[in-house]
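All remarks here apply to the structure that follows.
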Amino acid sequence: MKLQGSIVALITPFDEGGKINFDKLGELLEWHIEKGTDGILVLGTTGESVTMSHEEAASVVKYAVEKVNGRVPVIAGSGSNSTSAMLEKSLEYQALGADGLLLISPYYNKANPEGMYRHFKTVADGVNIPCILYNVPGRTGCSIPESVVGRLSVHPNIMGIKEASGDIGYAAKVARYVGENFALYSGNDDQVLPIMSLGGSGVISVYANVMPAECHEMVVSWLSGDLDRARKIQLNYLPLINALFMEVNPIPVKAAMNLMGMNVGEYRLPLYPMSDENCRKLAEIMKESGLI
């Protein structure tokens, strides 16, 4: 799977009763395909997957796969801090038709380097679809050691890494493993072009939830050699990108989508609607960006 471009880390819409709103999810999937999004990630951090039951999560994968129907790749976040649970979910999502998997490092219990390596290798050995490592130490409390990334980069079922540490030095180190069979994706919307300058293939994006066409154009412009156009998009919308992280993700991005009239619902606890002051600031920046 040679996936390049803008992969949206899709939010999960909820109805007024707090249940998954599948009709709205279908609308969002169609909108992203229409706007040029290159891949769909469901059950990521932005999708509030950790608040879902096993059955709910599987139903999101099943629905997304059937709705997208092969038009773009669908990646499912199957991570867990329990290796056996991650393998179980990965096998189920593979059976449901997911094109790839996003595997997170073991949060809370963490791991030593060998345990970290075996955490990912166990799943990669057990499935036959591509896996993307997910490095986000701000969420998990542990970073994937560079040496472990190097060992995993040669595994036939591991296609790349989503790098969301915010540490460009770390990104540069793991970029040494980029090649024909291992890709680097930015996991931070404010660092898409810096990471692509190191050989990155694109972004797994929160920002794409509100500006899918622009996010796609930024990445494709860079890949096609139109660096000025790509740079202009990255810098022009940097205030908006920063605003989407003024509170913990996905609180601001869902608030932004609701301000746009998309009616994606609220959150599941412990997430809670953003403060009135921050909502006002977000709306101002969205107006400046032409979103509302």
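FYI, nothing fancy with the structure tokens labels: chains A, B, ... in order, residues from 1 per chain, ligands from 1 as they appear.
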
Selection: 12 Å around A:Val178, only C-alpha atoms, excl. self and same-chain fewer than 6 positions, as a PyMOL selection string: chain A and resi 149-150+152-154+158-161+171-172+184-185+195-196+198-201

Distance query A:Glu288 at most 12 Å, only C-alpha atoms, self and fewer than 5 positions along chain excluded, as number ranges by chain: A: 236-240, 243, 281-283

Using only N, CA and C atoms, please write the residues we just selected to a file, as a PDB file, in the first residue's frame.
```
ATOM      1  N   ASN A 236      -0.670  29.942   5.684  1.00  0.00           N
ATOM      2  CA  ASN A 236      -1.909  30.719   5.727  1.00  0.00           C
ATOM      3  C   ASN A 236      -2.884  30.195   6.773  1.00  0.00           C
ATOM      4  N   TYR A 237      -2.926  28.869   6.908  1.00  0.00           N
ATOM      5  CA  TYR A 237      -3.906  28.280   7.804  1.00  0.00           C
ATOM      6  C   TYR A 237      -3.306  27.827   9.132  1.00  0.00           C
ATOM      7  N   LEU A 238      -2.081  28.256   9.404  1.00  0.00           N
ATOM      8  CA  LEU A 238      -1.453  27.890  10.669  1.00  0.00           C
ATOM      9  C   LEU A 238      -2.225  28.420  11.881  1.00  0.00           C
ATOM     10  N   PRO A 239      -2.749  29.653  11.843  1.00  0.00           N
ATOM     11  CA  PRO A 239      -3.565  30.096  12.989  1.00  0.00           C
ATOM     12  C   PRO A 239      -4.775  29.197  13.239  1.00  0.00           C
ATOM     13  N   LEU A 240      -5.427  28.752  12.173  1.00  0.00           N
ATOM     14  CA  LEU A 240      -6.566  27.854  12.322  1.00  0.00           C
ATOM     15  C   LEU A 240      -6.110  26.508  12.878  1.00  0.00           C
ATOM     16  N   ALA A 243      -5.525  26.810  16.454  1.00  0.00           N
ATOM     17  CA  ALA A 243      -6.781  26.964  17.182  1.00  0.00           C
ATOM     18  C   ALA A 243      -7.486  25.625  17.386  1.00  0.00           C
ATOM     19  N   LYS A 281     -12.918  32.595  20.522  1.00  0.00           N
ATOM     20  CA  LYS A 281     -11.638  32.740  19.824  1.00  0.00           C
ATOM     21  C   LYS A 281     -11.591  31.851  18.579  1.00  0.00           C
ATOM     22  N   LEU A 282     -12.076  30.632  18.725  1.00  0.00           N
ATOM     23  CA  LEU A 282     -12.096  29.709  17.595  1.00  0.00           C
ATOM     24  C   LEU A 282     -12.959  30.264  16.468  1.00  0.00           C
ATOM     25  N   ALA A 283     -14.127  30.777  16.807  1.00  0.00           N
ATOM     26  CA  ALA A 283     -15.031  31.323  15.794  1.00  0.00           C
ATOM     27  C   ALA A 283     -14.392  32.500  15.059  1.00  0.00           C
TER      28      ALA A 283
END
```

All strand (DSSP E or B) residues (DSSP, backbone) inside stretch 16-224 of chain A, as a PyMOL selection string: chain A and resi 20+39-42+74-77+100-104+131-135+158-163+179+182-186+202-205

Shell of 9 Å around A:Tyr63, only C-alpha atoms, local chain residues under 4 positions omitted, as a PyMOL selection string: chain A and resi 22+25-26+58-59+67-68

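Proximity to A:Ala57 was assessed for A:Met262, A:Val127, A:Val72, A:Ile20 counting only C-alpha atoms; the smallest distance is recorded for A:Ile20.
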
Among the residues A:Glu16, A:Val210, A:Gln4, A:Glu34, the one that comes closest to A:Met286 [using only C-alpha atoms]: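 Between A:Glu16, A:Val210, A:Gln4, A:Glu34, the residue approaching A:Met286 most closely is A:Val210.
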
Given only C-alpha atoms as the counted atoms, nearest of A:Met211, A:Met274, A:Val192, A:Ile144 to A:Gln234: A:Val192

Within 10 Å of A:Val148 using only C-alpha atoms, minus same-chain residues under 4 positions, as a CSV table (one decimal) with C-alpha atoms, in the first residue's frame:
```csv
chain,number,residue,atom,x,y,z
A,113,PRO,CA,12.4,-1.5,24.1
A,114,GLU,CA,12.1,-5.3,23.6
A,115,GLY,CA,8.6,-5.3,24.9
A,116,MET,CA,7.7,-2.4,22.6
A,117,TYR,CA,9.1,-4.2,19.6
A,118,ARG,CA,7.2,-7.4,20.4
A,120,PHE,CA,3.9,-4.2,17.4
A,144,ILE,CA,8.7,4.4,20.3
A,152,LEU,CA,10.1,-2.8,12.6
A,153,SER,CA,10.6,-0.9,9.4
A,174,VAL,CA,13.2,7.8,12.1
```

Alpha helix (DSSP H) residues, from DSSP on the backbone, in stretch 63-94 of chain A, as a ChimeraX atom specification: /A:63-68,83-94

Could you write out the selected residues, including C-alpha atoms, as a compact mmCIF listing (two decimals), in the first residue's frame?
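again-v2.txt, freshly written:
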```txt
# COMPACT_ATOMS: atom_id res chain seq x y z
CA TYR A 63 -19.95 0.92 8.21
CA ALA A 64 -16.98 2.92 6.91
CA VAL A 65 -15.65 0.05 4.82
CA GLU A 66 -19.04 -0.61 3.25
CA LYS A 67 -19.80 3.07 2.65
CA VAL A 68 -16.42 3.91 1.13
CA THR A 83 -0.98 -6.59 23.02
CA SER A 84 -3.48 -9.44 22.96
CA ALA A 85 -6.40 -7.00 22.78
CA MET A 86 -4.69 -5.11 19.95
CA LEU A 87 -4.21 -8.35 18.04
CA GLU A 88 -7.84 -9.37 18.59
CA LYS A 89 -9.16 -6.03 17.32
CA SER A 90 -6.73 -6.00 14.41
CA LEU A 91 -7.86 -9.41 13.21
CA GLU A 92 -11.51 -8.40 13.52
CA TYR A 93 -11.06 -5.13 11.61
CA GLN A 94 -9.09 -6.98 8.95
```

Separation of atom CA of A:His32 from atom CA of A:Pro252 in Å: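 Those two atoms sit 19.1 Å apart.
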
Residue nearest A:Pro270 - candidates A:Leu291, A:Cys142, A:Ala9, A:Val248, atoms counted: only C-alpha atoms: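 Among A:Leu291, A:Cys142, A:Ala9, A:Val248, it is A:Val248 that comes nearest to A:Pro270.
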
Within 12 Å of A:Asn21 using only C-alpha atoms, minus same-chain residues under 2 positions, as a PyMOL selection string: chain A and resi 11-19+23-28+56+59-60+63+263-266

Nearest residue to A:Tyr267 from the set A:Ile251, A:Cys279, A:Ile104, A:Ala98 (distances using only C-alpha atoms):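 Looking at the shortest contact to A:Tyr267, the residue is A:Ile251.
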
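Note that atom CA of A:Val253 and atom CA of A:Ile241 are 9.5 Å apart.
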
So which residues touch A:Pro156 within 10 Å, counting only C-alpha atoms, skipping near sequence neighbours fewer than 3 positions away, as a PDB file with N, CA and C atoms, in the first residue's frame?
```pdb
ATOM      1  N   ALA A 124       1.713  -7.375  13.710  1.00  0.00           N
ATOM      2  CA  ALA A 124       2.164  -7.412  12.315  1.00  0.00           C
ATOM      3  C   ALA A 124       2.344  -8.846  11.826  1.00  0.00           C
ATOM      4  N   ASP A 125       2.778  -9.738  12.710  1.00  0.00           N
ATOM      5  CA  ASP A 125       2.914 -11.150  12.344  1.00  0.00           C
ATOM      6  C   ASP A 125       1.556 -11.817  12.160  1.00  0.00           C
ATOM      7  N   ASN A 128      -2.491  -9.705   7.756  1.00  0.00           N
ATOM      8  CA  ASN A 128      -1.909  -9.668   6.403  1.00  0.00           C
ATOM      9  C   ASN A 128      -2.297  -8.389   5.670  1.00  0.00           C
ATOM     10  N   ILE A 129      -2.588  -7.338   6.447  1.00  0.00           N
ATOM     11  CA  ILE A 129      -2.819  -6.014   5.858  1.00  0.00           C
ATOM     12  C   ILE A 129      -1.793  -5.050   6.456  1.00  0.00           C
ATOM     13  N   PRO A 130      -1.522  -3.935   5.790  1.00  0.00           N
ATOM     14  CA  PRO A 130      -0.476  -3.026   6.248  1.00  0.00           C
ATOM     15  C   PRO A 130      -0.800  -2.364   7.586  1.00  0.00           C
ATOM     16  N   CYS A 131       0.243  -2.158   8.381  1.00  0.00           N
ATOM     17  CA  CYS A 131       0.120  -1.523   9.689  1.00  0.00           C
ATOM     18  C   CYS A 131       0.958  -0.246   9.728  1.00  0.00           C
ATOM     19  N   LEU A 152      11.397  -2.542  13.169  1.00  0.00           N
ATOM     20  CA  LEU A 152      10.066  -2.798  12.630  1.00  0.00           C
ATOM     21  C   LEU A 152       9.925  -2.351  11.179  1.00  0.00           C
ATOM     22  N   SER A 153      10.754  -1.416  10.750  1.00  0.00           N
ATOM     23  CA  SER A 153      10.606  -0.850   9.397  1.00  0.00           C
ATOM     24  C   SER A 153      10.832  -1.879   8.302  1.00  0.00           C
ATOM     25  N   MET A 159       3.994  -0.688   7.224  1.00  0.00           N
ATOM     26  CA  MET A 159       4.161   0.199   6.066  1.00  0.00           C
ATOM     27  C   MET A 159       4.659   1.583   6.413  1.00  0.00           C
ATOM     28  N   ASN A 181       9.328   0.564   1.140  1.00  0.00           N
ATOM     29  CA  ASN A 181       8.319  -0.173   1.884  1.00  0.00           C
ATOM     30  C   ASN A 181       8.038   0.389   3.272  1.00  0.00           C
ATOM     31  N   PHE A 182       8.514   1.595   3.549  1.00  0.00           N
ATOM     32  CA  PHE A 182       8.268   2.193   4.862  1.00  0.00           C
ATOM     33  C   PHE A 182       8.123   3.700   4.701  1.00  0.00           C
TER      34      PHE A 182
END
```
